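Structure file protein-v5.cif (mmCIF, C-alpha atoms) follows.
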data_my_file
#
loop_
_atom_site.label_atom_id
_atom_site.label_comp_id
_atom_site.auth_asym_id
_atom_site.auth_seq_id
_atom_site.Cartn_x
_atom_site.Cartn_y
_atom_site.Cartn_z
CA MET A 1 0.00 0.00 0.00
CA LYS A 2 2.84 2.34 0.90
CA LYS A 3 4.54 1.54 -2.42
CA LYS A 4 1.32 2.32 -4.29
CA ASN A 5 1.05 5.72 -2.55
CA ILE A 6 4.66 6.53 -3.50
CA ILE A 7 3.94 5.74 -7.15
CA ILE A 8 0.79 7.87 -7.13
CA GLY A 9 2.68 10.74 -5.49
CA SER A 10 5.43 10.51 -8.10
CA VAL A 11 2.93 10.59 -10.94
CA ILE A 12 1.23 13.67 -9.46
CA GLY A 13 4.61 15.39 -9.08
CA ILE A 14 5.51 14.70 -12.70
CA VAL A 15 2.14 16.05 -13.89
CA ILE A 16 2.64 19.26 -11.86
CA LEU A 17 6.14 19.67 -13.30
CA ILE A 18 4.89 19.26 -16.88
CA VAL A 19 2.07 21.76 -16.33
CA GLY A 20 4.56 24.27 -14.90
CA ILE A 21 6.84 23.90 -17.91
CA VAL A 22 3.96 24.41 -20.33
CA ILE A 23 2.75 27.54 -18.51
CA GLY A 24 6.26 28.96 -18.37
CA TYR A 25 6.79 28.29 -22.08
CA PHE A 26 3.71 30.21 -23.15
CA ALA A 27 4.34 33.02 -20.67
CA LEU A 28 7.73 33.85 -22.21
CA PRO A 29 8.08 35.85 -25.49
CA GLN A 30 8.70 33.55 -28.46
CA SER A 31 12.05 34.24 -30.14
CA ASP A 32 10.91 32.96 -33.52
CA SER A 33 8.27 35.68 -33.77
CA PRO A 34 9.16 38.08 -36.62
CA THR A 35 8.80 41.09 -34.32
CA ALA A 36 10.48 39.67 -31.25
CA ALA A 37 13.82 41.36 -31.91
CA VAL A 38 12.27 44.81 -32.28
CA SER A 39 11.48 46.70 -29.09
CA SER A 40 8.48 48.97 -28.90
CA THR A 41 10.15 51.01 -26.15
CA PRO A 42 10.73 54.60 -27.29
CA ALA A 43 14.33 55.69 -27.17
CA ILE A 44 13.48 58.81 -25.17
CA SER A 45 10.43 57.99 -23.15
CA THR A 46 9.69 55.48 -20.39
CA ALA A 47 13.11 54.77 -18.86
CA SER A 48 15.10 57.85 -19.76
CA SER A 49 12.31 60.40 -19.33
CA SER A 50 11.30 59.01 -15.94
CA SER A 51 14.91 59.43 -14.87
CA GLY A 52 14.82 63.13 -15.72
CA TYR A 53 17.21 62.81 -18.67
CA ALA A 54 14.83 62.42 -21.60
CA LEU A 55 17.16 64.07 -24.12
CA LEU A 56 20.07 61.66 -23.58
CA ASP A 57 20.73 58.22 -24.98
CA GLY A 58 18.49 55.78 -23.11
CA GLY A 59 21.49 53.48 -22.73
CA VAL A 60 23.27 56.11 -20.66
CA VAL A 61 20.61 55.85 -17.97
CA TYR A 62 19.12 52.44 -18.63
CA ASN A 63 20.28 49.57 -20.79
CA SER A 64 17.26 49.74 -23.11
CA THR A 65 16.79 48.08 -26.48
CA GLU A 66 15.91 50.26 -29.44
CA HIS A 67 14.59 50.23 -32.99
CA PHE A 68 17.04 49.46 -35.76
CA ILE A 69 17.17 50.38 -39.45
CA VAL A 70 19.83 48.67 -41.53
CA ASN A 71 19.58 49.98 -45.10
CA PHE A 72 20.23 53.71 -45.56
CA GLU A 73 21.34 53.61 -49.19
CA PRO A 74 17.96 54.87 -50.47
CA LEU A 75 18.24 57.84 -48.13
CA ARG A 76 21.76 58.56 -49.35
CA ILE A 77 20.48 58.60 -52.94
CA GLN A 78 17.65 61.00 -52.01
CA MET A 79 20.10 63.33 -50.28
CA THR A 80 22.45 63.26 -53.24
CA ASN A 81 19.62 64.06 -55.65
CA ILE A 82 18.67 67.10 -53.56
CA GLN A 83 22.30 68.27 -53.54
CA LYS A 84 22.35 68.13 -57.35
CA GLN A 85 19.56 70.72 -57.45
CA TYR A 86 21.91 73.35 -55.98
CA SER A 87 24.99 74.84 -57.62
CA GLU A 88 26.49 76.07 -54.34
CA PRO A 89 28.65 73.85 -52.10
CA THR A 90 26.51 71.86 -49.66
CA TYR A 91 27.28 69.47 -46.83
CA VAL A 92 25.32 66.73 -45.07
CA TYR A 93 26.06 64.41 -42.18
CA PHE A 94 23.46 61.99 -40.81
CA GLU A 95 23.75 59.42 -38.04
CA TYR A 96 21.06 57.05 -36.84
CA LEU A 97 21.53 57.03 -33.09
CA ASN A 98 20.03 53.60 -32.48
CA ASN A 99 22.85 51.80 -34.28
CA THR A 100 25.31 54.57 -35.37
CA ALA A 101 24.78 53.96 -39.11
CA SER A 102 25.77 57.16 -40.92
CA ILE A 103 25.80 59.06 -44.20
CA GLY A 104 28.36 61.72 -45.05
CA LEU A 105 28.20 63.98 -48.11
CA ASN A 106 31.08 66.47 -48.10
CA SER A 107 30.98 66.09 -44.32
CA ARG A 108 34.76 66.55 -44.07
CA THR A 109 34.75 69.82 -46.01
CA LEU A 110 35.66 72.83 -43.91
CA PHE A 111 33.14 75.68 -43.67
CA THR A 112 32.82 78.77 -41.48
CA ALA A 113 31.85 77.68 -37.98
CA ALA A 114 30.06 80.92 -37.03
CA SER A 115 27.72 80.44 -34.06
CA THR A 116 28.09 76.67 -33.96
CA ILE A 117 31.22 77.40 -31.91
CA LYS A 118 28.89 78.21 -29.00
CA VAL A 119 28.21 74.52 -28.45
CA PRO A 120 31.82 73.58 -27.60
CA LEU A 121 32.08 76.75 -25.51
CA ALA A 122 29.12 75.65 -23.39
CA MET A 123 30.66 72.20 -23.07
CA ALA A 124 33.91 73.78 -21.86
CA VAL A 125 32.11 75.96 -19.29
CA TYR A 126 30.27 73.00 -17.79
CA LYS A 127 33.51 71.02 -17.74
CA MET A 128 35.18 73.75 -15.71
CA ALA A 129 32.26 73.66 -13.27
CA GLU A 130 32.50 69.88 -13.01
CA GLU A 131 36.21 70.24 -12.20
CA GLY A 132 35.45 72.80 -9.50
CA LYS A 133 37.07 75.76 -11.27
CA LEU A 134 33.84 77.74 -11.23
CA LYS A 135 30.22 77.41 -10.16
CA MET A 136 27.27 77.77 -12.48
CA THR A 137 25.63 79.91 -9.79
CA ASP A 138 28.51 82.41 -9.81
CA THR A 139 27.47 85.85 -11.07
CA TYR A 140 29.16 87.99 -13.69
CA THR A 141 28.59 91.67 -14.48
CA LEU A 142 28.50 92.52 -18.17
CA GLN A 143 31.31 94.76 -19.35
CA GLN A 144 31.19 97.23 -22.23
CA SER A 145 33.63 95.01 -24.13
CA ASP A 146 31.17 92.09 -23.93
CA LEU A 147 28.36 93.87 -25.76
CA ASP A 148 27.82 92.67 -29.34
CA ASP A 149 24.80 93.55 -31.47
CA ASN A 150 25.59 91.14 -34.31
CA PHE A 151 23.44 88.34 -32.93
CA GLY A 152 21.08 88.25 -29.96
CA ASP A 153 19.49 90.97 -27.82
CA LEU A 154 21.40 90.77 -24.55
CA TYR A 155 23.54 93.75 -25.58
CA LYS A 156 20.45 95.93 -25.18
CA VAL A 157 20.56 95.68 -21.37
CA GLY A 158 23.94 97.43 -21.45
CA ALA A 159 26.99 97.08 -19.25
CA GLY A 160 26.55 96.71 -15.50
CA GLN A 161 23.83 94.05 -15.52
CA SER A 162 24.66 90.82 -13.66
CA TYR A 163 23.79 87.25 -14.59
CA THR A 164 24.71 83.81 -13.30
CA ILE A 165 26.93 81.68 -15.48
CA GLU A 166 24.00 79.28 -15.93
CA GLN A 167 21.84 82.12 -17.23
CA LEU A 168 24.53 83.22 -19.66
CA VAL A 169 24.87 79.69 -21.05
CA SER A 170 21.11 79.38 -21.51
CA ILE A 171 20.91 82.76 -23.27
CA MET A 172 23.84 81.87 -25.51
CA LEU A 173 22.48 78.48 -26.55
CA GLU A 174 18.81 79.36 -26.82
CA ASN A 175 19.22 82.68 -28.65
CA SER A 176 22.69 82.22 -30.15
CA ASP A 177 23.58 85.40 -28.30
CA ASN A 178 27.02 86.91 -28.98
CA THR A 179 27.07 89.08 -25.85
CA ALA A 180 26.47 86.05 -23.64
CA MET A 181 29.24 84.22 -25.51
CA ASN A 182 31.68 87.09 -24.96
CA ALA A 183 30.78 87.19 -21.26
CA LEU A 184 31.48 83.46 -20.90
CA LEU A 185 34.82 83.86 -22.67
CA SER A 186 35.67 86.66 -20.23
CA ILE A 187 34.69 84.49 -17.26
CA LEU A 188 36.95 81.67 -18.45
CA LYS A 189 39.79 84.10 -19.11
CA ASN A 190 39.44 85.42 -15.56
CA ILE A 191 40.17 81.94 -14.20
CA GLY A 192 43.13 81.43 -16.51
CA ILE A 193 41.44 79.59 -19.38
CA THR A 194 42.59 81.41 -22.52
CA ASP A 195 41.69 78.63 -24.96
CA PRO A 196 38.51 76.90 -23.76
CA PHE A 197 38.02 75.08 -27.07
CA ALA A 198 41.24 73.11 -27.27
CA ASP A 199 40.29 70.22 -24.99
CA VAL A 200 36.77 69.95 -26.43
CA TYR A 201 37.96 69.90 -30.03
CA ASP A 202 40.66 67.38 -29.20
CA ALA A 203 38.11 65.10 -27.54
CA MET A 204 35.82 65.42 -30.57
CA GLY A 205 38.54 64.17 -32.94
CA TRP A 206 39.33 67.47 -34.65
CA ASP A 207 41.44 66.71 -37.73
CA TYR A 208 42.88 70.21 -38.19
CA PRO A 209 45.38 70.92 -35.40
CA PRO A 210 47.47 74.09 -35.81
CA ASP A 211 50.96 74.02 -37.25
CA PHE A 212 53.71 73.78 -34.68
CA GLY A 213 54.27 77.12 -32.98
CA THR A 214 51.06 78.72 -34.25
CA ALA A 215 47.89 79.48 -32.33
CA PRO A 216 44.84 77.32 -33.07
CA SER A 217 42.04 78.80 -35.13
CA TYR A 218 38.44 77.77 -34.68
CA ILE A 219 37.04 79.85 -37.52
CA ASN A 220 36.32 76.75 -39.61
CA ILE A 221 34.87 73.36 -38.79
CA ASP A 222 33.51 70.34 -40.65
CA LEU A 223 30.17 68.64 -40.08
CA HIS A 224 31.75 65.44 -38.82
CA THR A 225 33.51 67.21 -35.95
CA LEU A 226 30.43 69.31 -35.21
CA SER A 227 28.22 66.23 -35.16
CA ASN A 228 30.57 64.58 -32.67
CA MET A 229 29.75 67.34 -30.21
CA PHE A 230 26.05 66.51 -30.35
CA THR A 231 26.76 62.80 -30.12
CA SER A 232 28.90 63.51 -27.07
CA LEU A 233 26.06 65.44 -25.45
CA TYR A 234 23.57 62.69 -26.31
CA GLU A 235 25.78 60.02 -24.78
CA ALA A 236 27.17 62.26 -21.99
CA THR A 237 30.75 61.30 -22.82
CA TYR A 238 32.48 64.68 -22.30
CA ASP A 239 30.25 66.44 -19.79
CA ASN A 240 28.35 64.56 -17.11
CA VAL A 241 24.74 63.40 -17.42
CA PRO A 242 22.88 66.35 -15.81
CA ASP A 243 25.05 68.93 -17.60
CA SER A 244 24.61 67.24 -20.97
CA GLN A 245 20.86 67.11 -20.38
CA ALA A 246 20.85 70.82 -19.50
CA MET A 247 22.67 71.86 -22.68
CA LEU A 248 20.43 69.76 -24.91
CA SER A 249 17.40 71.18 -23.12
CA TYR A 250 18.51 74.74 -23.88
CA LEU A 251 19.08 73.77 -27.51
CA THR A 252 15.49 72.56 -27.80
CA GLN A 253 14.29 76.08 -26.91
CA THR A 254 15.84 77.94 -29.85
CA PRO A 255 13.50 80.14 -31.91
CA PHE A 256 15.13 79.21 -35.22
CA HIS A 257 12.62 77.10 -37.15
CA ASP A 258 13.43 77.65 -40.84
CA GLU A 259 15.94 74.86 -41.39
CA ILE A 260 16.02 71.41 -39.73
CA VAL A 261 12.91 72.13 -37.66
CA ALA A 262 11.00 73.12 -40.81
CA GLY A 263 11.44 69.61 -42.16
CA VAL A 264 9.86 67.72 -39.27
CA PRO A 265 6.26 67.65 -38.01
CA SER A 266 5.16 70.13 -35.38
CA GLY A 267 5.67 68.76 -31.89
CA ILE A 268 8.80 66.76 -32.66
CA THR A 269 11.60 67.77 -30.29
CA VAL A 270 14.78 69.03 -31.97
CA ALA A 271 17.92 70.03 -30.03
CA HIS A 272 19.96 72.02 -32.55
CA LYS A 273 22.32 74.92 -33.17
CA ILE A 274 22.39 77.13 -36.24
CA GLY A 275 25.38 78.97 -37.66
CA VAL A 276 25.27 82.04 -39.93
CA ALA A 277 28.39 83.59 -41.47
CA ASP A 278 27.32 86.68 -43.40
CA GLN A 279 30.77 87.33 -44.86
CA ASN A 280 30.55 84.32 -47.19
CA ASN A 281 26.88 83.33 -46.93
CA THR A 282 27.52 80.15 -44.98
CA PHE A 283 24.50 78.66 -43.24
CA SER A 284 24.48 75.52 -41.13
CA ASP A 285 22.19 73.71 -38.74
CA CYS A 286 23.16 70.71 -36.65
CA GLY A 287 21.32 68.77 -34.00
CA ILE A 288 19.34 65.79 -32.80
CA VAL A 289 15.83 65.04 -34.04
CA TYR A 290 13.92 63.02 -31.44
CA ALA A 291 11.72 61.06 -33.84
CA PRO A 292 9.49 58.67 -31.85
CA SER A 293 11.62 55.64 -30.87
CA ARG A 294 14.10 56.58 -33.59
CA PRO A 295 16.31 59.57 -32.69
CA TYR A 296 18.87 60.67 -35.23
CA LEU A 297 21.52 63.31 -35.69
CA LEU A 298 21.43 65.60 -38.72
CA CYS A 299 23.91 68.32 -39.71
CA VAL A 300 23.41 70.26 -42.94
CA GLY A 301 25.22 73.27 -44.42
CA SER A 302 25.47 75.49 -47.47
CA THR A 303 27.98 78.13 -48.64
CA GLY A 304 27.41 80.89 -51.19
CA ALA A 305 23.63 80.82 -51.44
CA ASP A 306 21.26 83.41 -50.04
CA THR A 307 19.32 82.77 -46.84
CA GLN A 308 16.15 81.55 -48.55
CA THR A 309 18.03 79.10 -50.79
CA ALA A 310 20.09 77.72 -47.91
CA ASP A 311 16.99 77.33 -45.72
CA ARG A 312 15.20 75.52 -48.52
CA PHE A 313 18.08 73.09 -49.03
CA ILE A 314 18.45 72.32 -45.33
CA SER A 315 14.71 71.90 -44.77
CA GLN A 316 14.41 69.62 -47.83
CA VAL A 317 17.14 67.33 -46.51
CA SER A 318 15.52 67.39 -43.08
CA LYS A 319 12.09 66.49 -44.47
CA ILE A 320 13.16 63.49 -46.53
CA THR A 321 15.32 62.25 -43.65
CA TYR A 322 12.46 62.33 -41.19
CA GLN A 323 10.11 60.61 -43.62
CA TYR A 324 12.64 57.86 -44.31
CA ILE A 325 13.29 57.25 -40.62
CA ILE A 326 9.61 57.05 -39.72
CA ASN A 327 8.53 54.92 -42.69
CA ASN A 328 11.24 52.24 -42.53
#

Would you mind giving the structure from this file in structure tokens?
Amino acid sequence: MKKKNIIIGSVIGIVILIVGIVIGYFALPQSDSPTAAVSSTPAISTASSSSGYALLDGGVVYNSTEHFIVNFEPLRIQMTNIQKQYSEPTYVYFEYLNNTASIGLNSRTLFTAASTIKVPLAMAVYKMAEEGKLKMTDTYTLQQSDLDDNFGDLYKVGAGQSYTIEQLVSIMLENSDNTAMNALLSILKNIGITDPFADVYDAMGWDYPPDFGTAPSYINIDLHTLSNMFTSLYEATYDNVPDSQAMLSYLTQTPFHDEIVAGVPSGITVAHKIGVADQNNTFSDCGIVYAPSRPYLLCVGSTGADTQTADRFISQVSKITYQYIINN
């Protein structure tokens, strides 16, 4: 009788084990499903936004999976066809941030940096704060030598007005303000930093170091180096996570909507910086487009065309890029 009970108990145990295996099998996602390898988690929502760093790479805060696109050759062809419609020199650099696939069209050609230089300056300022050489809450009083009416409105307040370093950075990045830029350069000079760009450019892989014995010049840049700055902010590789988030946040507040922003639907977040060099009609726009689940970096430039022509070229490239990313 005891032996019979043992056999019955064993049979019941085996049945329970089999039932558990079956339930576990169907509860797990099936790897042979055609959509199993594609995550529906947005690259800048859920994990990263709940952490307070929605503008950074989700992998910086959480190890999230993302959407992937493999074939960008059709997009390259579309970009090239748009370039052929313009006689002036044009430049394009694109990088899909989910898997770093990229397209470069004259992306190593030097052009006038203009106001794009304000991005590495902001990166340098935050780096100095991170190293304890200044505080973002420190105040600075505008000097007459800081005032510049070429771009931005801060010059209108005149000398004698005081701002925190954080406020000056936000004004510089949001409004591309020259007076705020000059004030930040003065602040860095006051603490012994005469070349705030050198370390940033070196970290970004700048391919144009000065000749031995000569001072570096940051008048020109190429789209590849400029794009590296935005990638660095996105991945928080040069400045820390909260500082990188802050800079990208300021860059989403810019009022310049005629170029990259004009090519994407209303409501899509774009963290970008424009550059305008009147002396040779160079126009550029570079930044990150936070397409749902599919963020990408886009830098576009033109030299020699008027403002309307340059804006049209940049917005055309932006529009076909967004459409390709969303529809593939």

Problem set entry | One-decimal distance in Å that lies between atom CA of Gly287 of chain A and atom CA of Leu248 of chain A | 9.2 Å

Could you tell me which residues the PyMOL selection byres ((chain A and resi 170) around 9) returns for this structure, as a CSV table (one decimal) with C-alpha atoms, in the frame of the given file?
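Output below, filename expr_0.csv:
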chain,number,residue,atom,x,y,z
A,165,ILE,CA,26.9,81.7,-15.5
A,166,GLU,CA,24.0,79.3,-15.9
A,167,GLN,CA,21.8,82.1,-17.2
A,168,LEU,CA,24.5,83.2,-19.7
A,169,VAL,CA,24.9,79.7,-21.0
A,171,ILE,CA,20.9,82.8,-23.3
A,172,MET,CA,23.8,81.9,-25.5
A,173,LEU,CA,22.5,78.5,-26.6
A,174,GLU,CA,18.8,79.4,-26.8
A,175,ASN,CA,19.2,82.7,-28.6
A,180,ALA,CA,26.5,86.0,-23.6
A,246,ALA,CA,20.8,70.8,-19.5
A,247,MET,CA,22.7,71.9,-22.7
A,250,TYR,CA,18.5,74.7,-23.9
A,251,LEU,CA,19.1,73.8,-27.5

Problem set entry | Test item: residues at most 9 Å from Leu226 of chain A, all atoms listed in the file, excluding those fewer than 5 positions along its chain, as JSON, numbers by chain | {"A": [113, 116, 117, 119, 120, 204, 221, 286, 299]}

Exercise. Atom CA of Leu110 of chain A to atom CA of Tyr238 of chain A: how many Å, to one decimal?
Worked result: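 Taking atom CA of Leu110 of chain A as the start and atom CA of Tyr238 of chain A as the end point, the length is 23.3 Å.
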
Who sits within 10 Å of Gly160 of chain A, only C-alpha atoms, same chain under 2 positions skipped, as an mmCIF file with C-alpha atoms, keeping the file's coordinate frame:
data_model
loop_
_atom_site.group_PDB
_atom_site.id
_atom_site.type_symbol
_atom_site.label_atom_id
_atom_site.label_comp_id
_atom_site.auth_asym_id
_atom_site.auth_seq_id
_atom_site.Cartn_x
_atom_site.Cartn_y
_atom_site.Cartn_z
ATOM 1 C CA TYR A 140 29.160 87.990 -13.690
ATOM 2 C CA THR A 141 28.590 91.670 -14.480
ATOM 3 C CA LEU A 142 28.500 92.520 -18.170
ATOM 4 C CA GLN A 143 31.310 94.760 -19.350
ATOM 5 C CA GLN A 144 31.190 97.230 -22.230
ATOM 6 C CA VAL A 157 20.560 95.680 -21.370
ATOM 7 C CA GLY A 158 23.940 97.430 -21.450
ATOM 8 C CA SER A 162 24.660 90.820 -13.660
ATOM 9 C CA TYR A 163 23.790 87.250 -14.590
#

Exercise. Given the choices A:Ile187, A:Ile260, A:Ala198, A:Ile320, which gets closest to Asp138 of chain A if the distance is worked out from all atoms listed in the file?
Worked result: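 Checking each of A:Ile187, A:Ile260, A:Ala198, A:Ile320 against Asp138 of chain A, counting all atoms listed in the file, the winner is A:Ile187.
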
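Against this structure, the PyMOL selection byres ((chain A and resi 297) around 10) ends up with Tyr93, Phe94, Glu95, Tyr96, Leu97, Thr100, Ser102, Ser227, Asn228, Phe230, Thr231, Tyr234, Val270, Ala271, His272, Cys286, Gly287, Ile288, Val289, Tyr290, Pro295, Tyr296, Leu298 and Cys299 of chain A.
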
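Nearest to Ser249 of chain A of all the residues A:Asn71, A:Asn281, A:Thr269, A:Thr80 is A:Thr269, based on only C-alpha atoms.
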
For this session: Have a look at atom CA of Ile193 of chain A and atom CA of Asp149 of chain A and let me know their distance in Å, one decimal.
Result: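 For atom CA of Ile193 of chain A relative to atom CA of Asp149 of chain A, the distance reads 24.9 Å.
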
Compile the contact shell of segment 302-305 of chain A as an mmCIF file with C-alpha atoms, keeping the file's coordinate frame: residues with an atom at most 9 Å away, counting all atoms listed in the file, same-chain residues fewer than 4 positions apart removed.
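Here's the written file result-v9.cif:
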data_model
loop_
_atom_site.group_PDB
_atom_site.id
_atom_site.type_symbol
_atom_site.label_atom_id
_atom_site.label_comp_id
_atom_site.auth_asym_id
_atom_site.auth_seq_id
_atom_site.Cartn_x
_atom_site.Cartn_y
_atom_site.Cartn_z
ATOM 1 C CA TYR A 86 21.910 73.350 -55.980
ATOM 2 C CA SER A 87 24.990 74.840 -57.620
ATOM 3 C CA GLU A 88 26.490 76.070 -54.340
ATOM 4 C CA PRO A 89 28.650 73.850 -52.100
ATOM 5 C CA THR A 90 26.510 71.860 -49.660
ATOM 6 C CA TYR A 91 27.280 69.470 -46.830
ATOM 7 C CA PHE A 111 33.140 75.680 -43.670
ATOM 8 C CA THR A 112 32.820 78.770 -41.480
ATOM 9 C CA ASN A 280 30.550 84.320 -47.190
ATOM 10 C CA ASN A 281 26.880 83.330 -46.930
ATOM 11 C CA THR A 282 27.520 80.150 -44.980
ATOM 12 C CA PHE A 283 24.500 78.660 -43.240
ATOM 13 C CA SER A 284 24.480 75.520 -41.130
ATOM 14 C CA THR A 309 18.030 79.100 -50.790
ATOM 15 C CA ALA A 310 20.090 77.720 -47.910
ATOM 16 C CA ASP A 311 16.990 77.330 -45.720
ATOM 17 C CA PHE A 313 18.080 73.090 -49.030
ATOM 18 C CA ILE A 314 18.450 72.320 -45.330
#

Exercise. Looking at only C-alpha atoms, which of A:Met128, A:Val264, A:Val300, A:Leu154 is the one that sits closest to Asp243 of chain A?
Worked result: A:Met128
